[in-house]
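*Asks:* Here's a structure for you.
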Amino acid sequence: MNENMELNYEGVEQQPLHVFTEKAYLDYSMYVILDRALPHIGDGLKPVQRRIIYAMSELGLAATSKHKKSARTVGDVLGKYHPHGDTACYEAMVLMAQEFSYRYPLIDGQGNFGSPDDPKSFAAMRYTESRLSPFAKVLLQELDQGTVDWVANFDGTMQEPSLLPARLPHILLNGTTGIAVGMATDLPPHNLREVAQACILLLDKAKTPLQDLLEHVSGPDYPTEAEIITAPAELRSLYETGNGSIRMRAVFEREDGDVIVTALPHQVSGARVMEQIAQQMLAKKLPMVDDLRDESDHENPTRLVIVPRSNRVDIEALMGHLFATTDLERTYRVNMNMIGTNGRPQVKNLKQILQEWIAFRIATVRRRLQWRLDKVDKRLHVLEGLLIAFLNLDEVIRIVRYEDDPKAELIRTFKISDIQAEAILETRLRHLAKLEEMKIRAEQEELSAEKKDLEKLLGSERRIKTLIKNEILEDAETYGDDRRSPIVSRDAARALDETDLVPSEALTVVLSSKGWVRAAKGHEIDPRSLSYKSGDGFLDMALGKSNQSVVFVDSFGRAYAAPAHSLPSARGQGEPLTGRFKPASGAEFRSCLMGQDDDQFLMSSSHGYGYVCRFADMLTRSKNGKAQISLARGAQLMPVVAVSDYDADQLVSITSAGYIALLDVKSVPRLAKGKGNKIQGIPTKRIRDGEEQVAFVACLAGKQKLVIHSGKKYKTMNLRELEEYRIERGKRGRKLPRGYQNVTAIEVID
């Protein structure tokens, strides 16, 4: 009785609940790990798979026999060896028959065994038929040659093999997945020829380093022809540790401008991929794709057609996006966890797996040879007795005819064993001919020679290894094939930015004085003609493309950015920017800008300071914006002005007192953000008292002219005429002519 148990007054055993539950859960865990979820390194099978294969062999369902109903096999498996659910058992059986799931299928199925699009769409077991595949012979060929231990089945009425005597390291060839309690396994499949060469290398030299093995086992080999794009260093780490991941990518080709996907990653459904791409098209996130078709058929199991919108579409960029956003590229976890020959689960590296399997194979072959040697010895023993009988045939006949106990008399007379005497007595009269003696001697010689060979083999480790090598080469020649999953080096897939996925259309963004924004298609719109809310009106506009970003700058000098295509249509009155961003209390939006990353803009303040920055410097994802220009107390943000050529453009600055200054834009520093340098000097006292500040700034390029408005009057000045107002940066400038000193507006014309 367990020390934690005690008997109550009724004689019933009692145990603390925590002790019972802990033991029960541990027992359950070990059962799931050892007898359900993890494969054994010897034959690479889980118990249910092993029982299915064995049951089919017992039913006579060899590769050369007729198919039988799958329900017959499942019934035998459940009734004799595996008392679990029929659905799970049948699903395990179907998996071993699917060519797209198993690299080397163990079962040859007839009927609907599922499809790559839906592996679980197989027909019920009463409709399908099955038999073992030729490859299953690798697992079963030596089963009846004393190679494995036999154990009682679940009810003790029959015997079943504890393992199958695999002639190849099946654990690596087909791989498997499983989830136990507290552990899992994910073994990828490999190419038979590659694994066979690695085994031979280890049989020749047990201390072969892993690096040399990897020259043969270059990576997993899945049943699909999709590419393995995992970096060589990652593959090496995977085989060194037994843990890692494999990345597979679909194969595509170009045909008459269309993209044809011809191979998908392992266990990826073409229908699912089509659905993923179609969803992006419906969401208008894939404007460069015009049409999508699935032309897969019996001759072309995978043929997905992607039709680009035009021949200007960058196919590589498009496919890179699809690889990153759909199952056209997929990652597989690798966890080489298995039950070793010591009966314990362990994550093993490639060399450990091959070494342990080779040890298992050597032990299996020894048992096979010893079993054969025992049979030969037994037969030679019988033949020796038969030969004695033939040499003394008359005496044998007399003993059999006249003695009451012929068996005992034979043993006494000829000094033979019980087995030999039994064999003599069972000999038929027709075998008493003279020719039989010759046959016995011939068989004796043949078996003696075989015995000698067997003893040589069993006495030499080197000879056994040579035998195993020859058998591996023979099986590799019979069942091996070329690698299906090519290992190639590819750049990482990159999803296209949101702006890359938006059609490039001309767009005009309009900002109102109250901070409402909208966007109109085209550049021909007159923003002043749009309707505005009562008390609101036009403030600023920006011309650009729908796939660009728009930057808004507020009165505190903070910049905010939004995708242009996300702005509301100009058919309505737009939406307030305060709904998109979180400006500080009291801040008002003053400017909106559009451009390429390297486009340049002049940021300046009413105190005469400024700098030139790139459009990319103003971009931000923060709803709180980013501090762009530092404004001194009392300073106002001037309208942001575009700079077309930093080295050639001219900057014009005009104060509220009528002072105008002309200087080279390149004299103003280029900064990412900050206060900038003084552009036009205004006496500090006048700024402090609010008597004067910069009122207008403009940039002139090439032959552009400046129009200065003063009330109803205006004056047009070209660069030659403005030259008399040129100053060094930071100087105050000169006064405009009388009558134009009270500037009300300026504009730049071509």
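We label chains A, B, ... in the order they appear in the structure tokens, count residues from 1 in each chain, and number ligands from 1 in the order shown.
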Show me, as a ChimeraX atom specification, the residues that have an atom within 9 Å of segment 169-176 of chain A when counting only C-alpha atoms, minus same-chain residues fewer than 4 positions from it.
*Replies:* /A:38-46,101-105,138-139,185-192,195-196,199,220-222,338,353-354,357-358,361
*Asks:* Take the residues from that selection and put them in a file with C-alpha atoms, as a short mmCIF file (atom, residue, chain, number, x, y, z; two decimals), in the first residue's frame.
*Replies:*
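As written to disk, part.cif reads:
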```cif
data_model
loop_
_atom_site.label_atom_id
_atom_site.label_comp_id
_atom_site.auth_asym_id
_atom_site.auth_seq_id
_atom_site.Cartn_x
_atom_site.Cartn_y
_atom_site.Cartn_z
CA LEU A 38 5.76 11.46 -30.33
CA PRO A 39 7.46 9.24 -32.96
CA HIS A 40 10.15 6.70 -32.12
CA ILE A 41 13.59 7.22 -33.63
CA GLY A 42 13.73 3.58 -34.73
CA ASP A 43 10.91 3.53 -37.28
CA GLY A 44 9.82 7.19 -37.18
CA LEU A 45 6.21 6.25 -36.43
CA LYS A 46 3.69 7.10 -33.74
CA SER A 101 1.38 15.59 -47.17
CA TYR A 102 3.91 12.71 -47.06
CA ARG A 103 7.19 12.89 -48.93
CA TYR A 104 7.17 9.09 -49.29
CA PRO A 105 3.55 7.89 -48.78
CA VAL A 138 11.20 -0.59 -46.01
CA LEU A 139 9.41 -0.81 -42.65
CA THR A 185 7.38 17.69 -32.18
CA ASP A 186 7.74 19.16 -35.65
CA LEU A 187 10.01 17.05 -37.84
CA PRO A 188 10.33 18.13 -41.48
CA PRO A 189 10.66 15.54 -44.28
CA HIS A 190 13.98 14.99 -46.08
CA ASN A 191 15.26 13.55 -49.31
CA LEU A 192 15.99 9.81 -49.16
CA VAL A 195 19.90 11.08 -45.88
CA ALA A 196 21.26 7.78 -47.21
CA CYS A 199 24.23 7.57 -43.09
CA PRO A 220 14.38 19.57 -45.60
CA ASP A 221 12.69 18.30 -48.76
CA TYR A 222 8.92 18.78 -48.77
CA MET A 338 11.39 12.20 -30.52
CA ILE A 353 19.52 11.27 -34.87
CA LEU A 354 21.63 9.50 -37.49
CA TRP A 357 19.35 5.28 -35.74
CA ILE A 358 22.51 3.59 -37.02
CA ARG A 361 19.90 -0.52 -37.27
#
```
*Asks:* Could you tell me, as number ranges by chain, which residues of segment 194-349 of chain A DSSP assigns to strand (DSSP E) when given the backbone?
*Replies:* A: 227-228, 243-249, 251-255, 258-263, 289-294, 304-308, 329-335, 337-339, 345-347
*Asks:* Output N, CA and C atoms for every residue in the selection just made, as a short mmCIF file (atom, residue, chain, number, x, y, z; two decimals), in the first residue's frame.
*Replies:*
```
data_model
loop_
_atom_site.label_atom_id
_atom_site.label_comp_id
_atom_site.auth_asym_id
_atom_site.auth_seq_id
_atom_site.Cartn_x
_atom_site.Cartn_y
_atom_site.Cartn_z
N GLU A 227 10.11 26.86 -53.09
CA GLU A 227 11.50 27.09 -52.71
C GLU A 227 11.66 27.20 -51.20
N ILE A 228 12.77 26.66 -50.69
CA ILE A 228 13.16 26.89 -49.30
C ILE A 228 14.15 28.06 -49.32
N ASN A 243 16.34 22.71 -33.18
CA ASN A 243 15.25 23.68 -33.13
C ASN A 243 15.49 24.78 -34.15
N GLY A 244 14.41 25.34 -34.68
CA GLY A 244 14.55 26.45 -35.63
C GLY A 244 13.29 26.60 -36.45
N SER A 245 13.44 27.16 -37.63
CA SER A 245 12.29 27.35 -38.51
C SER A 245 12.74 27.28 -39.96
N ILE A 246 11.80 26.92 -40.81
CA ILE A 246 12.03 26.83 -42.25
C ILE A 246 11.05 27.77 -42.94
N ARG A 247 11.56 28.57 -43.87
CA ARG A 247 10.69 29.47 -44.62
C ARG A 247 10.61 28.99 -46.07
N MET A 248 9.38 28.84 -46.55
CA MET A 248 9.15 28.39 -47.92
C MET A 248 8.42 29.48 -48.70
N ARG A 249 8.74 29.58 -49.98
CA ARG A 249 8.14 30.61 -50.83
C ARG A 249 7.65 29.96 -52.12
N VAL A 251 6.67 29.39 -56.04
CA VAL A 251 7.43 29.60 -57.28
C VAL A 251 6.48 30.20 -58.31
N PHE A 252 6.94 31.25 -58.99
CA PHE A 252 6.11 31.86 -60.03
C PHE A 252 6.94 32.10 -61.29
N GLU A 253 6.25 32.24 -62.39
CA GLU A 253 6.89 32.56 -63.66
C GLU A 253 6.02 33.56 -64.41
N ARG A 254 6.59 34.19 -65.42
CA ARG A 254 5.84 35.17 -66.21
C ARG A 254 5.43 34.56 -67.54
N GLU A 255 4.20 34.83 -67.93
CA GLU A 255 3.68 34.27 -69.16
C GLU A 255 2.76 35.30 -69.81
N ASP A 258 1.39 37.98 -67.62
CA ASP A 258 0.72 37.54 -66.41
C ASP A 258 1.72 36.83 -65.48
N VAL A 259 1.36 36.76 -64.21
CA VAL A 259 2.16 36.03 -63.23
C VAL A 259 1.49 34.69 -62.98
N ILE A 260 2.24 33.59 -63.17
CA ILE A 260 1.69 32.25 -62.98
C ILE A 260 2.38 31.61 -61.78
N VAL A 261 1.63 31.34 -60.73
CA VAL A 261 2.16 30.64 -59.56
C VAL A 261 2.06 29.14 -59.83
N THR A 262 3.20 28.47 -59.87
CA THR A 262 3.23 27.05 -60.26
C THR A 262 3.48 26.09 -59.10
N ALA A 263 3.90 26.59 -57.96
CA ALA A 263 4.13 25.72 -56.80
C ALA A 263 3.88 26.51 -55.53
N VAL A 289 -3.26 44.95 -59.38
CA VAL A 289 -3.76 43.67 -59.88
C VAL A 289 -5.13 43.88 -60.52
N ASP A 290 -5.27 43.40 -61.75
CA ASP A 290 -6.51 43.60 -62.49
C ASP A 290 -7.44 42.40 -62.39
N ASP A 291 -6.86 41.19 -62.38
CA ASP A 291 -7.70 39.99 -62.37
C ASP A 291 -6.96 38.85 -61.70
N LEU A 292 -7.74 37.84 -61.32
CA LEU A 292 -7.22 36.70 -60.57
C LEU A 292 -7.96 35.46 -61.04
N ARG A 293 -7.20 34.40 -61.40
CA ARG A 293 -7.84 33.18 -61.88
C ARG A 293 -7.13 31.95 -61.33
N ASP A 294 -7.91 30.91 -61.08
CA ASP A 294 -7.34 29.62 -60.67
C ASP A 294 -7.53 28.66 -61.84
N LEU A 304 -2.04 29.28 -60.51
CA LEU A 304 -2.77 30.48 -60.10
C LEU A 304 -2.31 31.65 -60.97
N VAL A 305 -3.25 32.30 -61.63
CA VAL A 305 -2.91 33.37 -62.58
C VAL A 305 -3.24 34.72 -61.94
N ILE A 306 -2.23 35.58 -61.86
CA ILE A 306 -2.40 36.95 -61.35
C ILE A 306 -2.15 37.89 -62.52
N VAL A 307 -3.17 38.68 -62.89
CA VAL A 307 -3.07 39.57 -64.06
C VAL A 307 -2.79 40.98 -63.58
N PRO A 308 -1.60 41.54 -63.87
CA PRO A 308 -1.31 42.93 -63.47
C PRO A 308 -2.16 43.93 -64.26
N GLU A 329 4.11 32.75 -48.97
CA GLU A 329 5.34 32.50 -48.22
C GLU A 329 4.94 32.10 -46.81
N ARG A 330 5.56 31.04 -46.32
CA ARG A 330 5.13 30.50 -45.03
C ARG A 330 6.32 29.99 -44.23
N THR A 331 6.22 30.12 -42.92
CA THR A 331 7.28 29.65 -42.03
C THR A 331 6.81 28.41 -41.29
N TYR A 332 7.71 27.41 -41.19
CA TYR A 332 7.39 26.16 -40.51
C TYR A 332 8.32 25.99 -39.31
N ARG A 333 7.74 25.69 -38.17
CA ARG A 333 8.54 25.48 -36.97
C ARG A 333 9.20 24.09 -37.05
N VAL A 334 10.43 24.01 -36.60
CA VAL A 334 11.15 22.72 -36.56
C VAL A 334 11.54 22.45 -35.12
N ASN A 335 11.10 21.31 -34.61
CA ASN A 335 11.42 20.89 -33.25
C ASN A 335 11.64 19.38 -33.30
N ASN A 337 11.99 16.68 -31.79
CA ASN A 337 11.75 15.98 -30.52
C ASN A 337 11.22 14.58 -30.83
N MET A 338 11.79 13.58 -30.22
CA MET A 338 11.39 12.20 -30.52
C MET A 338 11.75 11.29 -29.35
N ILE A 339 11.20 10.09 -29.38
CA ILE A 339 11.53 9.10 -28.35
C ILE A 339 12.77 8.34 -28.81
N PRO A 345 11.90 10.87 -24.31
CA PRO A 345 11.79 11.93 -25.33
C PRO A 345 12.96 12.91 -25.20
N GLN A 346 13.45 13.36 -26.34
CA GLN A 346 14.57 14.31 -26.33
C GLN A 346 14.64 15.03 -27.67
N VAL A 347 15.01 16.31 -27.64
CA VAL A 347 15.27 17.06 -28.87
C VAL A 347 16.70 16.74 -29.31
#
```
*Asks:* Skip His67 of chain A itself and residues of its chain fewer than 4 positions away, then list as a ChimeraX atom specification all residues within 6 Å of it, counting only C-alpha atoms.
*Replies:* /A:129-131
*Asks:* Taking the DSSP secondary structure from the backbone, can you list the residues of segment 178-352 of chain A that are helix (DSSP H, G or I), as a PyMOL selection string?
*Replies:* chain A and resi 192-204+210-214+232-241+270-282+315-325+350-352
*Asks:* Save out the residues we just selected, C-alpha atoms, as a compact mmCIF listing (two decimals), in the first residue's frame.
*Replies:*
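Everything below was put into part.txt:
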```
# COMPACT_ATOMS: atom_id res chain seq x y z
CA LEU A 192 15.99 9.81 -49.16
CA ARG A 193 19.15 9.96 -51.27
CA GLU A 194 20.63 12.80 -49.20
CA VAL A 195 19.90 11.08 -45.88
CA ALA A 196 21.26 7.78 -47.21
CA GLN A 197 24.57 9.43 -48.15
CA ALA A 198 24.83 11.00 -44.69
CA CYS A 199 24.23 7.57 -43.09
CA ILE A 200 26.94 5.99 -45.22
CA LEU A 201 29.33 8.78 -44.26
CA LEU A 202 28.70 8.08 -40.56
CA LEU A 203 28.99 4.31 -41.05
CA ASP A 204 32.40 4.85 -42.64
CA LEU A 210 28.10 17.80 -38.55
CA GLN A 211 29.44 20.20 -41.18
CA ASP A 212 30.39 17.26 -43.41
CA LEU A 213 26.94 15.71 -42.96
CA LEU A 214 25.34 19.01 -44.03
CA PRO A 232 22.31 28.63 -44.83
CA ALA A 233 23.42 29.83 -41.39
CA GLU A 234 19.89 29.28 -40.03
CA LEU A 235 19.74 25.80 -41.57
CA ARG A 236 23.08 24.94 -39.98
CA SER A 237 21.86 26.21 -36.59
CA LEU A 238 18.66 24.17 -36.99
CA TYR A 239 20.59 20.94 -37.51
CA GLU A 240 23.03 21.78 -34.72
CA THR A 241 20.36 22.40 -32.08
CA GLY A 270 -4.41 27.52 -53.45
CA ALA A 271 -8.04 28.46 -52.75
CA ARG A 272 -6.98 30.13 -49.49
CA VAL A 273 -4.25 32.12 -51.27
CA MET A 274 -6.75 33.24 -53.92
CA GLU A 275 -9.12 34.32 -51.16
CA GLN A 276 -6.39 36.32 -49.41
CA ILE A 277 -5.45 38.14 -52.62
CA ALA A 278 -9.13 38.75 -53.51
CA GLN A 279 -9.76 40.28 -50.07
CA GLN A 280 -6.95 42.78 -50.67
CA MET A 281 -8.38 43.59 -54.09
CA LEU A 282 -11.87 44.18 -52.63
CA ILE A 315 6.26 42.33 -60.80
CA GLU A 316 9.04 41.73 -58.28
CA ALA A 317 7.64 44.38 -55.92
CA LEU A 318 4.10 43.04 -56.36
CA MET A 319 5.12 39.44 -55.61
CA GLY A 320 7.25 40.61 -52.68
CA HIS A 321 4.14 42.24 -51.24
CA LEU A 322 2.06 39.09 -51.78
CA PHE A 323 4.78 36.92 -50.22
CA ALA A 324 4.71 39.15 -47.14
CA THR A 325 0.92 39.38 -46.81
CA LEU A 350 20.98 15.75 -37.02
CA LYS A 351 24.13 13.87 -36.06
CA GLN A 352 22.53 12.47 -32.89
```
*Asks:* Which residue, A:Gly608, A:Gly634, A:Gly178, A:Pro639, has the smallest gap to Arg36 of chain A when you use only C-alpha atoms?
*Replies:*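 Selected residue with least distance to Arg36 of chain A: A:Gly178.
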*Asks:* Out of A:Ala627, A:Ile388, A:Leu61, A:Leu432, which residue has the shortest atom-to-atom distance to Ser417 of chain A when counting only C-alpha atoms?
*Replies:*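 The closest residue to Ser417 of chain A is A:Ile388.
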*Asks:* For each of A:Ile660, A:Lys451, A:Ser133, A:Met183, take the minimum atom-to-atom distance to Val743 of chain A, counting only C-alpha atoms, then give the residue where this is smallest.
*Replies:*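 Of all the options, A:Ile660 lies closest to Val743 of chain A.
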*Asks:* Using only C-alpha atoms for the distances, tell me which of A:Val12, A:Tyr81, A:Gly60, A:Val181 is nearest to Leu132 of chain A.
*Replies:*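 Smallest separation from Leu132 of chain A among the options: A:Gly60.
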*Asks:* Quick one: pull the distance between atom CA of Met618 of chain A and atom CA of Lys678 of chain A, Å, one decimal.
*Replies:*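 That distance, rounded to one decimal, is 21.1 Å.
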*Asks:* Restricting the calculation to only C-alpha atoms: of A:Val641, A:Leu530, A:Val509, A:Leu736, which residue gets closest to Ser546 of chain A?
*Replies:*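 Smallest distance to Ser546 of chain A is found for A:Val509.
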